[in-house]
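Raw run.pdb, PDB, C-alpha atoms:
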```pdb
MODEL        1
ATOM      1  CA  MET A   1     -52.702  -3.445  42.470
ATOM      2  CA  PRO A   2     -49.282  -4.942  43.130
ATOM      3  CA  SER A   3     -49.324  -6.487  39.672
ATOM      4  CA  LEU A   4     -49.889  -3.080  38.072
ATOM      5  CA  SER A   5     -46.808  -1.567  39.749
ATOM      6  CA  PHE A   6     -44.810  -4.656  38.807
ATOM      7  CA  ARG A   7     -45.803  -4.091  35.176
ATOM      8  CA  ARG A   8     -44.719  -0.463  35.391
ATOM      9  CA  LEU A   9     -41.438  -1.475  36.946
ATOM     10  CA  ARG A  10     -40.841  -4.097  34.262
ATOM     11  CA  ARG A  11     -41.676  -1.601  31.484
ATOM     12  CA  SER A  12     -39.315   0.980  33.020
ATOM     13  CA  LEU A  13     -36.519  -1.584  33.224
ATOM     14  CA  GLY A  14     -37.182  -2.601  29.626
ATOM     15  CA  LEU A  15     -36.860   1.023  28.496
ATOM     16  CA  LEU A  16     -33.637   1.393  30.453
ATOM     17  CA  ALA A  17     -32.226  -1.622  28.626
ATOM     18  CA  VAL A  18     -32.974   0.019  25.259
ATOM     19  CA  VAL A  19     -31.210   3.305  26.094
ATOM     20  CA  PRO A  20     -27.608   1.948  25.816
ATOM     21  CA  THR A  21     -28.484   0.356  22.485
ATOM     22  CA  LEU A  22     -29.848   3.638  21.158
ATOM     23  CA  LEU A  23     -26.768   5.503  22.381
ATOM     24  CA  ALA A  24     -24.478   2.986  20.683
ATOM     25  CA  LEU A  25     -26.385   3.310  17.409
ATOM     26  CA  ALA A  26     -26.245   7.098  17.586
ATOM     27  CA  ALA A  27     -22.456   6.942  17.966
ATOM     28  CA  CYS A  28     -22.164   4.874  14.767
ATOM     29  CA  GLN A  29     -23.683   7.493  12.504
ATOM     30  CA  ALA A  30     -21.909   8.183   9.239
ATOM     31  CA  PRO A  31     -20.428  11.620   8.606
ATOM     32  CA  PRO A  32     -22.765  14.081   6.917
ATOM     33  CA  MET A  33     -23.167  13.545   3.168
ATOM     34  CA  ASP A  34     -21.490  16.883   2.448
ATOM     35  CA  GLU A  35     -18.311  15.657   4.123
ATOM     36  CA  GLN A  36     -18.453  12.266   2.374
ATOM     37  CA  GLU A  37     -18.916  13.925  -1.010
ATOM     38  CA  ALA A  38     -16.035  16.328  -0.357
ATOM     39  CA  VAL A  39     -13.698  13.455   0.555
ATOM     40  CA  ALA A  40     -14.802  11.422  -2.475
ATOM     41  CA  THR A  41     -14.317  14.392  -4.797
ATOM     42  CA  HIS A  42     -10.863  15.095  -3.362
ATOM     43  CA  ALA A  43      -9.856  11.430  -3.768
ATOM     44  CA  GLN A  44     -11.132  11.375  -7.363
ATOM     45  CA  LYS A  45      -9.167  14.506  -8.259
ATOM     46  CA  ALA A  46      -6.004  13.087  -6.661
ATOM     47  CA  ALA A  47      -6.401   9.821  -8.601
ATOM     48  CA  GLU A  48      -6.894  11.690 -11.866
ATOM     49  CA  ALA A  49      -3.837  13.854 -11.229
ATOM     50  CA  ALA A  50      -1.696  10.781 -10.456
ATOM     51  CA  ALA A  51      -2.826   8.815 -13.505
ATOM     52  CA  ALA A  52      -0.581   8.739 -16.546
ATOM     53  CA  PRO A  53      -2.065  10.367 -19.632
ATOM     54  CA  THR A  54      -3.896   7.855 -21.847
ATOM     55  CA  ASP A  55      -5.629   7.881 -25.206
ATOM     56  CA  GLU A  56      -9.267   6.954 -25.825
ATOM     57  CA  ALA A  57      -8.395   3.240 -25.826
ATOM     58  CA  GLY A  58      -6.711   3.533 -22.415
ATOM     59  CA  LYS A  59      -3.151   3.118 -23.700
ATOM     60  CA  ALA A  60      -0.482   5.236 -22.054
ATOM     61  CA  LEU A  61       0.690   8.183 -24.130
ATOM     62  CA  GLU A  62       4.039   8.345 -22.348
ATOM     63  CA  ALA A  63       6.561   5.601 -21.747
ATOM     64  CA  PRO A  64       7.721   5.038 -18.180
ATOM     65  CA  PRO A  65      10.845   6.971 -17.295
ATOM     66  CA  VAL A  66      13.958   5.267 -18.540
ATOM     67  CA  GLY A  67      17.279   5.601 -16.791
ATOM     68  CA  ASN A  68      20.828   4.704 -17.650
ATOM     69  CA  CYS A  69      20.796   1.390 -15.798
ATOM     70  CA  ASP A  70      21.711  -1.633 -17.942
ATOM     71  CA  ALA A  71      21.333  -4.908 -16.040
ATOM     72  CA  THR A  72      22.490  -6.963 -19.034
ATOM     73  CA  GLN A  73      26.044  -5.906 -18.190
ATOM     74  CA  VAL A  74      25.982  -7.679 -14.793
ATOM     75  CA  GLN A  75      24.013 -10.888 -15.434
ATOM     76  CA  SER A  76      27.212 -12.903 -15.010
ATOM     77  CA  LEU A  77      26.942 -12.252 -11.237
ATOM     78  CA  VAL A  78      23.954 -14.606 -10.876
ATOM     79  CA  GLY A  79      25.050 -17.509  -8.684
ATOM     80  CA  GLN A  80      27.811 -15.574  -6.918
ATOM     81  CA  ALA A  81      27.750 -14.636  -3.236
ATOM     82  CA  TYR A  82      26.686 -11.048  -2.612
ATOM     83  CA  SER A  83      28.960  -8.624  -0.777
ATOM     84  CA  ASP A  84      29.080  -4.855  -0.576
ATOM     85  CA  ASP A  85      32.066  -4.829  -2.926
ATOM     86  CA  VAL A  86      30.215  -6.971  -5.482
ATOM     87  CA  GLY A  87      27.196  -4.658  -5.192
ATOM     88  CA  SER A  88      29.280  -1.516  -5.701
ATOM     89  CA  GLN A  89      31.005  -3.005  -8.723
ATOM     90  CA  ALA A  90      27.685  -4.176 -10.180
ATOM     91  CA  GLN A  91      26.194  -0.705  -9.697
ATOM     92  CA  GLN A  92      29.162   0.824 -11.503
ATOM     93  CA  ASP A  93      29.127  -1.762 -14.320
ATOM     94  CA  ALA A  94      25.369  -1.308 -14.843
ATOM     95  CA  SER A  95      25.742   2.507 -14.833
ATOM     96  CA  ALA A  96      23.110   2.737 -12.098
ATOM     97  CA  LYS A  97      22.848   5.734  -9.780
ATOM     98  CA  GLN A  98      21.104   3.707  -7.059
ATOM     99  CA  LEU A  99      21.452   0.179  -5.723
ATOM    100  CA  ARG A 100      18.829  -1.884  -3.902
ATOM    101  CA  VAL A 101      19.454  -5.361  -2.499
ATOM    102  CA  LEU A 102      16.282  -7.439  -2.222
ATOM    103  CA  LYS A 103      16.282 -10.333   0.221
ATOM    104  CA  PRO A 104      13.545 -12.978   0.481
ATOM    105  CA  ASN A 105      10.386 -11.604   2.142
ATOM    106  CA  ASP A 106      11.631  -7.992   1.980
ATOM    107  CA  VAL A 107       8.850  -5.461   1.651
ATOM    108  CA  THR A 108       9.541  -3.210  -1.319
ATOM    109  CA  THR A 109       7.898  -0.339  -3.121
ATOM    110  CA  MET A 110       6.690  -0.925  -6.651
ATOM    111  CA  GLU A 111       7.675   2.378  -8.275
ATOM    112  CA  PHE A 112       9.928   2.160 -11.296
ATOM    113  CA  VAL A 113      13.261   3.943 -10.965
ATOM    114  CA  GLY A 114      15.135   3.577 -14.235
ATOM    115  CA  GLU A 115      18.453   4.516 -12.647
ATOM    116  CA  ARG A 116      18.325   1.849  -9.925
ATOM    117  CA  LEU A 117      19.854  -1.627 -10.013
ATOM    118  CA  ASN A 118      17.980  -4.244  -8.001
ATOM    119  CA  ILE A 119      20.038  -7.219  -6.863
ATOM    120  CA  GLU A 120      17.937 -10.137  -5.664
ATOM    121  CA  VAL A 121      19.612 -12.545  -3.246
ATOM    122  CA  ASP A 122      18.390 -15.835  -1.781
ATOM    123  CA  GLU A 123      18.386 -16.958   1.857
ATOM    124  CA  LYS A 124      22.077 -17.857   1.637
ATOM    125  CA  GLY A 125      23.106 -14.462   0.225
ATOM    126  CA  VAL A 126      23.660 -15.760  -3.293
ATOM    127  CA  ILE A 127      22.628 -13.456  -6.161
ATOM    128  CA  SER A 128      19.577 -14.913  -7.882
ATOM    129  CA  GLY A 129      18.734 -12.034 -10.209
ATOM    130  CA  LEU A 130      19.620  -8.516 -11.292
ATOM    131  CA  ARG A 131      17.263  -6.027 -12.890
ATOM    132  CA  CYS A 132      16.836  -2.311 -13.312
ATOM    133  CA  GLY A 133      13.888  -0.449 -11.893
TER     134      GLY A 133
ENDMDL
END
```
Encoded form (structure tokens):
Amino acid sequence: MPSLSFRRLRRSLGLLAVVPTLLALAACQAPPMDEQEAVATHAQKAAEAAAAPTDEAGKALEAPPVGNCDATQVQSLVGQAYSDDVGSQAQQDASAKQLRVLKPNDVTTMEFVGERLNIEVDEKGVISGLRCG
């Protein structure tokens, strides 16, 4: 008889060991399909609204916005040390409404702003490139 109660005890302990596993799996359930579909539909509509109009071949129907910035007017600054005065003069000469100085390893946004002059400088603060956008 002692072996029978030992078996029951062992079985009970085995079941107790399974309970935390079942609870953990229950906590990992995915949201209901209705909610997943609603989120996916919302994301699809947002992506479609943000996309530029295209023709059947996928080519854009509209050109990106163009500003007044003209970086060709300030290319002579490449190789010169950057300063706030140089940046202000370059912005004026390029007819740019905005100025952005890009240093090595700077995190930048990728949107195109046609009225912005980007001045790229190296580690030493020397202008390595100028471009609009």
Proximity to Lys124 (chain A) - best of A:Val107, A:Asp85, A:Gln80, A:Lys97, only C-alpha atoms: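 Using only C-alpha atoms, the shortest distance to Lys124 (chain A) belongs to A:Gln80.
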Contact residues around Ala94 (chain A) with all atoms listed in the file at 12 Å, ignoring same-chain residues under 2 positions, as a count of residues only: 32
d(CA of Pro20 (chain A), CA of Asp34 (chain A)) in Å: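 Distance reported for this atom pair: 28.4 Å.
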Length of the CA of Glu123 (chain A) to CA of Val78 (chain A) vector [Å]: 14.1 Å
Atomic distance CA of Ala57 (chain A) - CA of Glu37 (chain A), expressed in Å with one decimal: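 So the answer is 29.0 Å.
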